[in-house]
Structure formats: structure tokens, C-alpha cells
>>> print(open('work.txt').read())   # compact mmCIF, C-alpha atoms
# COMPACT_ATOMS: atom_id res chain seq x y z
CA PRO A 40 15.88 -15.17 13.47
CA GLU A 41 15.78 -11.99 15.53
CA PRO A 42 16.04 -8.90 13.26
CA PRO A 43 19.54 -7.35 13.48
CA GLU A 44 18.14 -3.78 13.65
CA GLY A 45 20.76 -2.54 11.19
CA GLY A 46 23.85 -3.84 9.43
CA TRP A 47 23.04 -4.75 5.81
CA GLY A 48 19.52 -3.63 6.67
CA TRP A 49 20.53 0.01 6.10
CA VAL A 50 21.50 -0.83 2.51
CA VAL A 51 18.18 -2.63 2.08
CA MET A 52 16.41 0.43 3.51
CA LEU A 53 18.04 2.71 0.90
CA ALA A 54 17.12 0.30 -1.90
CA ALA A 55 13.52 0.15 -0.67
CA MET A 56 13.53 3.95 -0.43
CA TRP A 57 14.53 4.19 -4.09
CA CYS A 58 11.77 1.71 -4.96
CA ASN A 59 9.11 3.84 -3.26
CA GLY A 60 10.51 6.95 -4.90
CA ALA A 61 10.68 5.55 -8.43
CA VAL A 62 7.26 3.85 -8.31
CA PHE A 63 5.15 6.45 -6.53
CA GLY A 64 7.17 9.47 -7.64
CA ILE A 65 6.12 8.68 -11.22
CA GLN A 66 2.56 7.82 -10.18
CA ASN A 67 2.09 10.97 -8.07
CA SER A 68 3.45 13.13 -10.89
CA CYS A 69 0.80 11.78 -13.24
CA GLY A 70 -0.99 15.15 -13.18
CA VAL A 71 1.83 16.63 -15.29
CA LEU A 72 1.77 13.65 -17.66
CA PHE A 73 -2.05 13.83 -17.76
CA VAL A 74 -2.07 17.43 -19.06
CA SER A 75 0.58 16.51 -21.64
CA MET A 76 -1.47 13.50 -22.81
CA LEU A 77 -4.54 15.70 -23.23
CA ARG A 78 -2.59 18.00 -25.52
CA LEU A 79 -0.77 15.28 -27.46
CA PHE A 80 -3.53 12.71 -28.02
CA GLY A 81 -6.72 14.79 -27.65
CA SER A 82 -8.88 16.83 -29.97
CA SER A 83 -11.47 19.53 -29.35
CA GLU A 84 -14.15 17.32 -30.95
CA ASP A 85 -13.79 14.55 -28.34
CA LYS A 86 -16.40 15.23 -25.63
CA GLN A 87 -15.09 12.43 -23.37
CA LEU A 88 -11.43 13.34 -23.63
CA VAL A 89 -10.79 13.83 -19.90
CA PHE A 90 -12.65 10.63 -19.03
CA LYS A 91 -10.67 8.49 -21.50
CA THR A 92 -7.29 10.00 -20.65
CA ALA A 93 -7.87 9.62 -16.90
CA TRP A 94 -8.06 5.86 -17.36
CA VAL A 95 -4.33 5.70 -18.18
CA SER A 96 -3.12 7.02 -14.81
CA SER A 97 -6.02 5.44 -12.95
CA LEU A 98 -5.37 1.98 -14.39
CA SER A 99 -1.69 2.34 -13.56
CA MET A 100 -2.26 3.14 -9.90
CA GLY A 101 -5.05 0.59 -9.59
CA MET A 102 -3.00 -2.24 -11.11
CA ILE A 103 -0.16 -1.64 -8.65
CA PHE A 104 -2.54 -2.53 -5.84
CA PHE A 105 -4.67 -5.05 -7.78
CA CYS A 106 -1.64 -7.30 -8.35
CA SER A 107 -0.61 -7.17 -4.70
CA PRO A 108 -2.31 -10.42 -3.54
CA ILE A 109 -0.58 -12.29 -6.37
CA VAL A 110 2.73 -10.56 -5.58
CA SER A 111 2.46 -11.56 -1.92
CA ILE A 112 2.05 -15.22 -2.94
CA PHE A 113 5.07 -15.04 -5.26
CA THR A 114 7.06 -13.28 -2.53
CA ASP A 115 6.27 -16.08 -0.07
CA LEU A 116 7.19 -18.71 -2.66
CA PHE A 117 10.33 -17.30 -4.29
CA GLY A 118 11.55 -14.61 -1.89
CA CYS A 119 11.77 -10.82 -2.06
CA ARG A 120 14.87 -10.58 -4.25
CA LYS A 121 13.67 -12.62 -7.26
CA VAL A 122 10.24 -11.00 -7.29
CA ALA A 123 11.58 -7.45 -6.99
CA VAL A 124 14.18 -7.87 -9.76
CA THR A 125 11.69 -9.48 -12.14
CA GLY A 126 9.09 -6.78 -11.43
CA ALA A 127 11.53 -3.95 -12.12
CA ALA A 128 12.49 -5.57 -15.46
CA VAL A 129 8.84 -5.85 -16.52
CA GLY A 130 8.16 -2.26 -15.46
CA LEU A 131 11.15 -1.05 -17.46
CA VAL A 132 9.86 -2.81 -20.60
CA GLY A 133 6.34 -1.38 -20.11
CA LEU A 134 7.59 2.18 -19.70
CA LEU A 135 9.90 1.88 -22.71
CA LEU A 136 7.06 0.57 -24.91
CA SER A 137 4.86 3.46 -23.73
CA SER A 138 7.30 5.93 -25.25
CA PHE A 139 6.64 4.60 -28.78
CA VAL A 140 2.82 4.88 -28.93
CA SER A 141 1.00 7.39 -31.14
CA THR A 142 -2.54 7.14 -29.70
CA ILE A 143 -4.04 6.96 -26.20
CA GLU A 144 -5.44 3.42 -26.43
CA PRO A 145 -2.14 1.44 -26.40
CA LEU A 146 -1.16 3.28 -23.21
CA TYR A 147 -3.93 1.41 -21.40
CA PHE A 148 -1.84 -1.74 -21.81
CA THR A 149 1.79 -0.54 -21.91
CA TYR A 150 1.55 2.08 -19.15
CA GLY A 151 -1.68 1.20 -17.34
CA ILE A 152 -1.09 -2.57 -17.09
CA LEU A 153 2.44 -3.70 -18.04
CA PHE A 154 4.38 -0.87 -16.38
CA ALA A 155 2.05 -0.90 -13.35
CA CYS A 156 2.30 -4.69 -12.87
CA GLY A 157 6.08 -4.41 -12.90
CA CYS A 158 5.91 -1.64 -10.31
CA SER A 159 3.66 -3.79 -8.14
CA PHE A 160 6.04 -6.77 -8.25
CA SER A 161 8.97 -4.54 -7.30
CA TYR A 162 7.11 -2.48 -4.66
CA GLN A 163 5.63 -5.03 -2.28
CA PRO A 164 8.86 -6.95 -1.57
CA SER A 165 10.34 -3.62 -0.43
CA LEU A 166 7.77 -3.57 2.39
CA VAL A 167 8.21 -7.21 3.37
CA ILE A 168 12.03 -7.26 3.39
CA LEU A 169 12.17 -4.48 6.01
CA GLY A 170 10.59 -6.82 8.57
CA HIS A 171 13.56 -9.18 8.10
CA TYR A 172 16.01 -6.54 9.32
CA PHE A 173 14.03 -4.31 11.70
CA LYS A 174 11.50 -4.73 14.49
CA LYS A 175 12.00 -2.08 17.17
CA ARG A 176 12.78 0.57 14.55
CA LEU A 177 10.26 -0.67 11.97
CA GLY A 178 8.03 2.42 12.23
CA LEU A 179 10.96 4.80 11.77
CA VAL A 180 12.43 2.78 8.90
CA ASN A 181 9.04 2.59 7.15
CA GLY A 182 8.78 6.35 7.52
CA ILE A 183 12.19 6.86 5.91
CA VAL A 184 11.47 4.36 3.11
CA THR A 185 8.06 5.81 2.24
CA ALA A 186 9.58 9.30 2.36
CA GLY A 187 11.42 8.25 -0.81
CA SER A 188 8.25 8.77 -2.82
CA SER A 189 7.95 12.26 -1.33
CA LEU A 190 11.46 13.21 -2.43
CA PHE A 191 10.68 12.09 -5.97
CA THR A 192 7.22 13.70 -5.91
CA VAL A 193 8.87 17.00 -4.98
CA SER A 194 11.47 16.93 -7.75
CA LEU A 195 9.89 14.98 -10.63
CA PRO A 196 7.06 17.43 -11.59
CA PHE A 197 9.55 20.20 -12.35
CA LEU A 198 11.90 17.82 -14.16
CA LEU A 199 9.01 16.39 -16.18
CA ARG A 200 7.78 19.87 -17.11
CA VAL A 201 11.25 20.86 -18.38
CA LEU A 202 11.67 17.57 -20.27
CA ILE A 203 8.20 17.65 -21.84
CA ASN A 204 8.66 21.24 -23.00
CA SER A 205 12.10 20.50 -24.46
CA VAL A 206 11.96 16.94 -25.86
CA GLY A 207 8.26 15.96 -25.72
CA LEU A 208 6.28 13.32 -23.83
CA CYS A 209 7.68 10.23 -25.59
CA LYS A 210 11.35 11.00 -24.94
CA THR A 211 10.48 12.02 -21.38
CA LEU A 212 9.14 8.51 -20.76
CA ARG A 213 12.44 7.11 -22.03
CA VAL A 214 14.33 9.26 -19.54
CA LEU A 215 12.12 7.84 -16.76
CA CYS A 216 13.32 4.36 -17.79
CA ILE A 217 16.60 5.23 -16.05
CA LEU A 218 14.75 5.22 -12.70
CA MET A 219 13.41 1.74 -13.42
CA PHE A 220 16.85 0.44 -14.40
CA VAL A 221 18.31 1.62 -11.07
CA LEU A 222 15.32 -0.05 -9.37
CA PHE A 223 16.23 -3.28 -11.18
CA LEU A 224 19.73 -3.11 -9.66
CA ALA A 225 18.39 -2.18 -6.20
CA GLY A 226 16.35 -5.39 -6.06
CA PHE A 227 19.53 -7.46 -5.85
CA THR A 228 20.22 -6.03 -2.36
CA TYR A 229 17.17 -7.77 -0.84
CA LYS A 230 19.11 -10.52 0.90
CA PRO A 231 16.51 -12.57 2.83
CA LEU A 232 17.07 -13.57 6.45
CA VAL A 233 13.94 -15.75 6.60
CA PRO A 234 13.62 -18.70 4.17
CA ASN A 235 10.71 -18.53 1.76
CA THR A 236 7.92 -21.09 1.69
CA LYS A 237 9.37 -23.07 -1.23
CA GLU A 238 12.71 -23.47 0.55
CA LYS A 239 10.99 -24.62 3.74
CA GLU A 240 9.00 -27.25 1.86
CA GLY A 241 12.09 -28.41 -0.02
CA GLY A 242 13.75 -29.37 3.26
CA LYS A 243 17.42 -29.70 4.06
CA LYS A 244 18.15 -31.81 0.98
CA GLY A 245 17.47 -28.78 -1.21
CA LYS A 246 14.71 -30.38 -3.28
CA SER A 247 12.49 -27.88 -5.11
CA LYS A 248 8.99 -28.53 -3.93
CA PHE A 249 5.86 -26.37 -3.98
CA PRO A 250 3.80 -26.16 -0.80
CA PRO A 251 0.11 -27.09 -0.61
CA ALA A 252 -2.45 -24.61 -1.95
CA LYS A 253 -3.60 -23.75 1.57
CA LYS A 254 -0.12 -22.48 2.41
CA ILE A 255 0.18 -20.54 -0.86
CA CYS A 256 -3.09 -18.61 -0.40
CA ASN A 257 -3.39 -17.82 3.29
CA PHE A 258 -7.07 -16.85 3.55
CA SER A 259 -7.01 -17.67 7.26
CA ILE A 260 -6.00 -14.06 7.99
CA PHE A 261 -9.59 -13.07 7.19
CA LYS A 262 -10.67 -15.02 10.26
CA VAL A 263 -9.16 -12.17 12.30
CA LEU A 264 -12.08 -9.78 12.74
CA SER A 265 -9.94 -6.68 13.30
CA TYR A 266 -8.06 -7.38 10.06
CA ARG A 267 -11.35 -7.86 8.16
CA ILE A 268 -12.58 -4.46 9.30
CA TRP A 269 -9.27 -2.87 8.33
CA ALA A 270 -9.10 -4.68 4.96
CA PHE A 271 -12.55 -3.41 3.94
CA GLY A 272 -12.59 -0.08 5.81
CA VAL A 273 -9.41 1.29 4.20
CA PRO A 274 -10.55 0.61 0.59
CA ALA A 275 -13.94 2.16 1.39
CA ALA A 276 -12.11 5.35 2.37
CA LEU A 277 -10.08 5.50 -0.85
CA PHE A 278 -12.70 6.10 -3.56
CA GLY A 279 -11.64 9.73 -3.76
CA TYR A 280 -8.03 9.41 -2.61
CA PHE A 281 -6.32 9.46 -6.03
CA VAL A 282 -8.62 12.09 -7.60
CA PRO A 283 -6.51 15.14 -6.58
CA TYR A 284 -3.30 13.56 -7.87
CA VAL A 285 -4.80 13.00 -11.34
CA HIS A 286 -7.05 16.05 -11.77
CA LEU A 287 -5.59 18.81 -9.59
CA MET A 288 -3.28 20.14 -12.32
CA ASN A 289 -6.11 20.33 -14.85
CA HIS A 290 -8.44 21.90 -12.25
CA VAL A 291 -5.88 24.66 -11.57
CA GLU A 292 -5.50 25.25 -15.32
CA ASP A 293 -9.28 25.52 -15.68
CA ARG A 294 -9.63 27.99 -12.80
CA PHE A 295 -6.40 30.02 -12.88
CA HIS A 296 -5.30 29.29 -16.48
CA SER A 297 -1.53 29.56 -16.94
CA SER A 298 -1.05 32.49 -14.57
CA VAL A 299 0.12 30.34 -11.62
CA PRO A 300 2.93 27.76 -11.19
CA LYS A 301 0.66 24.73 -10.71
CA GLU A 302 3.59 22.32 -10.19
CA VAL A 303 4.12 24.06 -6.81
CA LEU A 304 1.06 22.16 -5.53
CA LEU A 305 2.72 18.79 -6.17
CA LEU A 306 5.83 20.20 -4.51
CA CYS A 307 3.77 21.04 -1.41
CA LEU A 308 2.15 17.60 -1.41
CA GLY A 309 5.52 15.91 -1.70
CA ILE A 310 7.35 17.94 0.96
CA THR A 311 4.72 17.66 3.68
CA SER A 312 4.03 14.02 2.79
CA GLY A 313 7.71 13.29 3.42
CA VAL A 314 7.60 15.18 6.71
CA GLY A 315 4.45 13.28 7.70
CA ARG A 316 6.04 9.91 6.97
CA LEU A 317 9.12 10.66 9.02
CA VAL A 318 7.25 12.21 11.95
CA PHE A 319 4.28 9.86 12.16
CA GLY A 320 6.43 6.81 11.42
CA ARG A 321 8.41 7.58 14.55
CA VAL A 322 5.28 8.48 16.55
CA ALA A 323 3.77 5.10 15.65
CA ASP A 324 6.67 3.34 17.40
CA TYR A 325 5.48 4.86 20.70
CA ILE A 326 1.78 4.01 20.25
CA PRO A 327 1.04 0.53 21.60
CA GLY A 328 -0.63 -2.22 19.60
CA ALA A 329 -3.63 -1.61 17.37
CA LYS A 330 -4.09 1.92 18.70
CA LYS A 331 -1.83 2.96 15.83
CA ILE A 332 -5.01 2.83 13.76
CA TYR A 333 -6.13 6.13 15.29
CA LEU A 334 -3.40 7.86 13.28
CA GLN A 335 -4.99 6.52 10.09
CA VAL A 336 -8.41 7.65 11.28
CA ALA A 337 -7.15 11.21 11.80
CA SER A 338 -5.43 11.16 8.40
CA PHE A 339 -8.60 10.05 6.58
CA PHE A 340 -10.70 12.74 8.25
CA CYS A 341 -8.19 15.42 7.24
CA ILE A 342 -7.78 14.12 3.65
CA GLY A 343 -11.56 14.10 3.21
CA LEU A 344 -11.98 17.65 4.49
CA MET A 345 -9.09 18.96 2.38
CA SER A 346 -10.56 17.37 -0.79
CA MET A 347 -13.80 19.22 -0.14
CA MET A 348 -11.87 22.46 0.40
CA ILE A 349 -10.22 22.39 -3.05
CA PRO A 350 -13.23 23.81 -5.00
CA LEU A 351 -13.67 26.55 -2.35
CA CYS A 352 -10.16 27.94 -2.94
CA ASN A 353 -10.49 30.94 -5.25
CA VAL A 354 -6.99 32.15 -4.31
CA PHE A 355 -3.94 30.11 -5.28
CA GLY A 356 -2.37 30.62 -1.84
CA ALA A 357 -5.35 28.93 -0.20
CA LEU A 358 -4.91 25.95 -2.52
CA VAL A 359 -1.25 25.75 -1.48
CA ALA A 360 -2.31 25.61 2.21
CA VAL A 361 -4.81 22.83 1.45
CA CYS A 362 -2.13 20.78 -0.32
CA LEU A 363 0.29 21.23 2.58
CA PHE A 364 -2.21 19.73 5.04
CA MET A 365 -3.31 17.00 2.63
CA GLY A 366 0.29 15.93 2.03
CA LEU A 367 1.07 15.80 5.77
CA PHE A 368 -1.76 13.38 6.53
CA ASP A 369 -1.24 11.44 3.31
CA GLY A 370 2.23 10.64 4.65
CA CYS A 371 0.72 9.60 7.97
CA PHE A 372 -1.70 7.19 6.30
CA ILE A 373 0.94 5.50 4.14
CA CYS A 374 3.85 5.12 6.55
CA ILE A 375 1.96 3.10 9.17
CA MET A 376 0.38 0.55 6.82
CA ALA A 377 3.03 -2.13 7.47
CA PRO A 378 3.25 -1.56 11.28
CA ILE A 379 -0.54 -1.92 11.59
CA ALA A 380 -0.49 -5.13 9.53
CA PHE A 381 2.22 -6.56 11.82
CA GLU A 382 0.07 -5.73 14.86
CA LEU A 383 -3.14 -7.27 13.50
CA VAL A 384 -1.91 -10.57 12.00
CA GLY A 385 1.70 -11.04 13.17
CA ALA A 386 5.01 -11.25 11.29
CA GLN A 387 4.38 -14.66 9.65
CA ASP A 388 1.25 -13.55 7.78
CA VAL A 389 2.13 -9.92 7.12
CA SER A 390 3.10 -10.39 3.46
CA GLN A 391 -0.29 -11.66 2.35
CA ALA A 392 -2.10 -9.37 4.80
CA ILE A 393 -0.59 -6.36 3.04
CA GLY A 394 -1.13 -8.00 -0.34
CA PHE A 395 -4.84 -8.62 0.16
CA LEU A 396 -5.34 -5.11 1.52
CA LEU A 397 -3.60 -3.47 -1.43
CA GLY A 398 -5.57 -5.69 -3.80
CA LEU A 399 -8.86 -4.52 -2.30
CA MET A 400 -7.62 -0.92 -2.48
CA SER A 401 -7.17 -1.22 -6.25
CA VAL A 402 -10.88 -1.06 -7.10
CA PRO A 403 -11.75 2.31 -5.49
CA MET A 404 -8.44 3.87 -6.54
CA THR A 405 -9.06 2.82 -10.16
CA VAL A 406 -12.67 3.95 -10.55
CA GLY A 407 -12.39 7.25 -8.65
CA PRO A 408 -10.42 9.39 -11.18
CA PRO A 409 -12.40 8.32 -14.29
CA ILE A 410 -15.68 9.13 -12.49
CA ALA A 411 -14.24 12.54 -11.61
CA GLY A 412 -13.23 12.99 -15.26
CA LEU A 413 -16.73 12.03 -16.42
CA LEU A 414 -18.26 14.60 -14.05
CA ARG A 415 -15.85 17.21 -15.44
CA ASP A 416 -16.86 16.37 -19.03
CA LYS A 417 -20.58 16.56 -18.17
CA LEU A 418 -20.61 19.57 -15.82
CA GLY A 419 -17.68 21.55 -17.18
CA THR A 420 -16.12 21.88 -13.71
CA TYR A 421 -14.39 19.72 -11.11
CA ASP A 422 -16.26 21.18 -8.12
CA VAL A 423 -18.77 18.33 -7.63
CA ALA A 424 -16.03 15.73 -8.23
CA PHE A 425 -13.86 17.12 -5.41
CA TYR A 426 -16.83 17.45 -3.03
CA LEU A 427 -17.77 13.80 -3.60
CA ALA A 428 -14.11 12.70 -3.31
CA GLY A 429 -14.06 13.96 0.28
CA VAL A 430 -16.98 11.85 1.52
CA PRO A 431 -15.53 8.27 1.45
CA PRO A 432 -12.42 9.07 3.58
CA ILE A 433 -14.61 10.45 6.37
CA ILE A 434 -16.91 7.40 6.31
CA GLY A 435 -14.01 4.96 6.13
CA GLY A 436 -12.22 6.70 9.00
CA ALA A 437 -15.31 6.36 11.18
CA VAL A 438 -15.40 2.59 10.48
CA LEU A 439 -11.73 2.15 11.44
CA CYS A 440 -12.38 3.63 14.90
CA PHE A 441 -13.78 0.26 16.03
CA ILE A 442 -10.63 -1.74 15.27
CA PRO A 443 -8.65 -1.18 18.54
CA TRP A 444 -11.67 -2.18 20.62
CA VAL A 445 -12.28 -5.31 18.52
CA HIS A 446 -8.59 -6.23 18.59
CA GLU A 447 -8.42 -6.00 22.39
CA ARG A 448 -11.46 -8.25 22.73
CA GLN A 449 -9.80 -10.80 20.44
CA LYS A 450 -6.67 -10.76 22.57
CA LEU A 451 -8.70 -11.35 25.73
CA LYS A 452 -10.42 -14.35 24.12
CA GLU A 453 -7.09 -15.80 23.00
CA ARG A 454 -5.70 -15.44 26.52
CA ALA A 455 -8.78 -17.14 27.94
CA LYS A 456 -8.46 -20.19 25.65
CA PRO A 457 -5.20 -21.54 27.11
CA ALA A 458 -6.59 -21.06 30.61
CA ASP A 459 -9.66 -23.09 29.69
CA GLY A 460 -7.43 -25.75 28.20
CA GLU A 461 -5.33 -25.94 31.35
CA THR A 462 -8.48 -26.26 33.46
CA THR A 463 -9.71 -29.11 31.27
CA GLU A 464 -6.34 -30.87 31.51
CA ARG A 465 -6.39 -30.59 35.31
CA MET A 466 -9.92 -32.02 35.43
CA LEU A 467 -8.85 -34.94 33.26
CA GLU A 468 -5.80 -35.53 35.46
CA ASN A 469 -8.00 -35.51 38.59
CA GLU A 470 -10.43 -37.94 36.97
CA SER A 471 -7.61 -40.30 35.97
CA THR A 472 -6.15 -40.10 39.50
CA LEU A 473 -9.54 -40.92 41.06
CA ALA A 474 -10.01 -43.76 38.61
CA SER A 475 -6.57 -45.23 39.40
CA ASP A 476 -7.24 -44.93 43.17
CA THR A 477 -10.55 -46.73 42.79
CA THR A 478 -8.89 -49.49 40.77
CA GLU A 479 -6.18 -49.94 43.39
CA LYS A 480 -8.79 -50.18 46.18
CA THR A 481 -10.78 -52.75 44.22
CA ASP A 482 -7.66 -54.83 43.60
CA LYS A 483 -6.76 -54.77 47.30
CA GLU A 484 -10.30 -55.85 48.29
CA LEU A 485 -10.19 -58.71 45.78
CA ASP A 486 -6.77 -59.78 47.04
CA SER A 487 -7.92 -59.79 50.66
CA GLY A 488 -11.07 -61.72 49.73
CA PHE A 489 -9.00 -64.55 48.20
>>> encode(input="work.txt", output="C-alpha cells")
Amino acid sequence: PEPPEGGWGWVVMLAAMWCNGAVFGIQNSCGVLFVSMLRLFGSSEDKQLVFKTAWVSSLSMGMIFFCSPIVSIFTDLFGCRKVAVTGAAVGLVGLLLSSFVSTIEPLYFTYGILFACGCSFSYQPSLVILGHYFKKRLGLVNGIVTAGSSLFTVSLPFLLRVLINSVGLCKTLRVLCILMFVLFLAGFTYKPLVPNTKEKEGGKKGKSKFPPAKKICNFSIFKVLSYRIWAFGVPAALFGYFVPYVHLMNHVEDRFHSSVPKEVLLLCLGITSGVGRLVFGRVADYIPGAKKIYLQVASFFCIGLMSMMIPLCNVFGALVAVCLFMGLFDGCFICIMAPIAFELVGAQDVSQAIGFLLGLMSVPMTVGPPIAGLLRDKLGTYDVAFYLAGVPPIIGGAVLCFIPWVHERQKLKERAKPADGETTERMLENESTLASDTTEKTDKELDSGF
């Protein structure tokens, strides 16, 4: 059905906004949790302390994206509502179990895997369900929804700092469980307007029937060349993307000690990221077709340059300016993910298109922060880690520049195919007409001969 462009869709938008806020607000505030974990679980004798602790936050962010292809399949089979509610419940259990650990190793499973998998199952349906209710306003709505993570990123670091100082890390994690419980309730608002694959296969009689494997895993989207470039170009750009979120707080403590309010940097990232999502989400609605990709190209170039600028900032004010620009273009990159996917593969395949992309993004986002932590342990400084983190976004952005050109060529070929088919049909019709005329003439000659 045609999207209603509103109605119950506004309630769904608010629920999806809370989802983005709860999931990525916690993830983006991991720098505060990271410093607390170093103090609580670490010792001065451990020479690989930063490397081992970085794996907790890195695994968590990576698993959110790694599970995405599986989540997209479940979303197609069972619908957005069931998947989102189940995911929020699993995430709640994982976060609650994380609050009872006494060493760093169990957090790899409870926080890095269980909590993150739950977040993944609740996050992706929030992107898909918006396409049920909006089409013309999809860019704007995506901007508002993804701005939810910015609002939480702005407020959570200060709240976490107060909670950790007053009640400790473990009880702070229990307080965060409230966010996941509200997310569990929000999932019930995802009323689908398009039947899922299982319902379609079941038919009108209501029989529960699973579709064939080919329909469950839709690898045919990789036949679209422009999508292939996008699906591999974006992950290539993200090897250093998550490094500042994990290590920036510790880098500031190393360089400026406790003389500066380091949480202000996450505040700057969150505020300008929210502004970027709202502004660029609306701008994307006015950019035709695959040319929206140029916004992502610009964002990657800026993110790469800003990452390289971090070690050069010897004044805290300069670091604030860097974070303001980085947050603005981070918001630009995120808010137009779904609109670009709709342009490249169409509405029917968008769920798995986003799922496969996020799954491929998981690898670079997982390995980047631990490598940066290892460099910090070996070199005693984050400078080289931040310089290297800025290189992949620039290379990946350059690769994405080719997508609009490739996409236009694909469209021209698709338009040419029906024309060729029509020409062939006309030729066959002409041949059949000539053949029938010849037959009629032959019959008349035979009749006259007898």
C-alpha cells in the first residue's frame, strides 16, 4: 500500500527515535564506561590493559552490525514488531547480567555479545518500519529518528559520570536497564502495513508456512553493481570510525589529565551530530536519486581529516572545534543510509540491503579500536592511532564517488531492455503475419488448381 505519510507513523517515528537513542546513546558514551572499566578491572602490572578493555566496547558495536544480515532475514519472516520486542528483551537481560560481573572477561559475552545482539535485533526494524509509513518525507523522518541517538549522546555522558562517581559502574549499568525496558515497550508500536514473507507464503487461509531459502536470503541484491560498490566501499571507510568514540576520553586524560571537562567533547559530538541528521536528512530529500551518495562522500572526507587533527590539538578548545565538525558530518553519514539503500535496490529489498551492509560494517568497526589500544600500549600515545584512523574514510569516500555514474548506466541499460524486447516482439509478429499470408496464398493457389 501507499505510505500514509503520517497518522500512526508519527508514533512509530517516536518509538524508533527512542530505539536509536537508547542503543547508540549507550554505545557512543562508551568512552566514559571505558575509563571506568580501566579503573575498576585493571592493574598497573597489566601491559595490555587498554587493548583488552577496548574489546568490550568494540565487540558491542561490532556485534550490532554483525547480526544485521540475520536480523533482516528475521524481520522479513516475522515482521518488525516481533523482532524488535524480542531484541529489546535480550538486550535488557545482557545489560542486567553485565552489572553483576567482577572481572573484564565475562563482559565480552554479557555486554559485548548478548547486550549487543539484543540491540541489533531491536535497532534494524526501526529503520525498516519507517518505510511502511513514509516515502516523500523519509529523509526528514530518518533525520529525526537518528537524531535520537544524538540527544542521548549529549545527555548520557554527564549522567553516567554522576552515577559512576556516586553508585559505581555496576549499579550504573542497572540504571541503564530502564532505557532498554522502555525500548521493549516501544517495539509494540511497530504496526506493519506490509505483510511479512511468512504471511505471504501462508496465503489467505492463514497457514504458517516458511518460504523457500532463496526468498529468505536475498543475495540477488549483490547483482546490482552500484549496491556492491556501496556495500564494500562504506565498510572500507569505517576502519577508524569508532576509534574516537572509544579512545578520545582516555586520550584527553593522557594529554590534559583531569584539568579539563572531557565529557564536553561527547556533548559537542552529540549536539552537532543531531543537527547534521536533521539538516542533511532534509537536504537529501531534495537531491535526486543516487546523487545522495555525494553527501556521504563529503562526510567521510571530513571525518577522516578531523581524526587526523585530534593529535595536533594541544589546546582543549581546538579539540572542541574538531569534535563539532566531526559530529556534524557523522550525522550526515548516518541519516542518509536508509534513503540511499531505497534508491539503489528499491523498497522490496531494502531490509536485507541494509542488513548486509551493516553486517559488512561490523568487521572494520570491531577491529579498529583494539588496534588503536594496542598502539597506545606499545607507543605510550594515541597519536599514531588517530593518524591511521583518518586514512580509511578518505579512501572509502573516493571509492563511493563512482556510484552515481554506475547507477545511471544501470538505469539506462534497464530502460533499453524493454525496448529491445518490444522490437523482438514486433519482428516475431511481422514474421507470423508474413507466414500466415504465404499460407493463405498457397491455399488459394491449390484451391484454384483443383
>>> atom_distance(input="work.txt", atom1="atom CA of A:Leu287", atom2="atom CA of A:Ala61")
21.0 Å
>>> closest_residue(input="work.txt", among="A:Lys330, A:Val74, A:Phe339, A:Pro432", to="A:Leu208", atoms="all atoms listed in the file")
A:Val74
>>> residues_around(input="work.txt", residues="A:Leu136", least_positions_apart="5", cutoff="10 Å", atoms="all atoms listed in the file", output="JSON list (two decimals) with C-alpha atoms, keeping the file's coordinate frame")
[["chain", "number", "residue", "atom", "x", "y", "z"],
["A", 130, "GLY", "CA", 8.16, -2.26, -15.46],
["A", 131, "LEU", "CA", 11.15, -1.05, -17.46],
["A", 145, "PRO", "CA", -2.14, 1.44, -26.40],
["A", 146, "LEU", "CA", -1.16, 3.28, -23.21],
["A", 148, "PHE", "CA", -1.84, -1.74, -21.81],
["A", 149, "THR", "CA", 1.79, -0.54, -21.91],
["A", 150, "TYR", "CA", 1.55, 2.08, -19.15],
["A", 153, "LEU", "CA", 2.44, -3.70, -18.04],
["A", 154, "PHE", "CA", 4.38, -0.87, -16.38],
["A", 209, "CYS", "CA", 7.68, 10.23, -25.59],
["A", 212, "LEU", "CA", 9.14, 8.51, -20.76],
["A", 213, "ARG", "CA", 12.44, 7.11, -22.03]]
>>> closest_residue(input="work.txt", among="A:Cys69, A:Leu88, A:Val359, A:Leu224", to="A:Phe281", atoms="all atoms listed in the file")
A:Cys69
>>> atom_distance(input="work.txt", atom1="atom CA of A:Leu306", atom2="atom CA of A:Gly366")
9.6 Å
>>> atom_distance(input="work.txt", atom1="atom CA of A:Gly320", atom2="atom CA of A:Met100")
23.3 Å
>>> residues_around(input="work.txt", residues="A:Gly279", least_positions_apart="3", cutoff="6 Å", atoms="only C-alpha atoms", output="list in words")
Val282, Gly407 and Ala428 of chain A
>>> residues_around(input="work.txt", residues="A:Leu72", least_positions_apart="4", cutoff="8 Å", atoms="all atoms listed in the file", output="JSON, numbers by chain")
{"A": [68, 76, 199, 208]}
>>> residues_near_point(input="work.txt", point="(-6.0, 0.3, -8.1)", cutoff="6 Å", atoms="all atoms listed in the file", output="PDB file with C-alpha atoms, keeping the file's coordinate frame")
ATOM      1  CA  MET A 100      -2.260   3.140  -9.900  1.00  0.00           C
ATOM      2  CA  GLY A 101      -5.050   0.590  -9.590  1.00  0.00           C
ATOM      3  CA  MET A 102      -3.000  -2.240 -11.110  1.00  0.00           C
ATOM      4  CA  PHE A 104      -2.540  -2.530  -5.840  1.00  0.00           C
ATOM      5  CA  PHE A 105      -4.670  -5.050  -7.780  1.00  0.00           C
ATOM      6  CA  MET A 400      -7.620  -0.920  -2.480  1.00  0.00           C
ATOM      7  CA  SER A 401      -7.170  -1.220  -6.250  1.00  0.00           C
ATOM      8  CA  VAL A 402     -10.880  -1.060  -7.100  1.00  0.00           C
ATOM      9  CA  MET A 404      -8.440   3.870  -6.540  1.00  0.00           C
ATOM     10  CA  THR A 405      -9.060   2.820 -10.160  1.00  0.00           C
TER      11      THR A 405
END
>>> closest_residue(input="work.txt", among="A:Val361, A:Val314, A:Ala377, A:Met348", to="A:Tyr426", atoms="all atoms listed in the file")
A:Met348
>>> closest_residue(input="work.txt", among="A:Val354, A:Val167, A:Leu179, A:Leu222", to="A:Ser298", atoms="all atoms listed in the file")
A:Val354
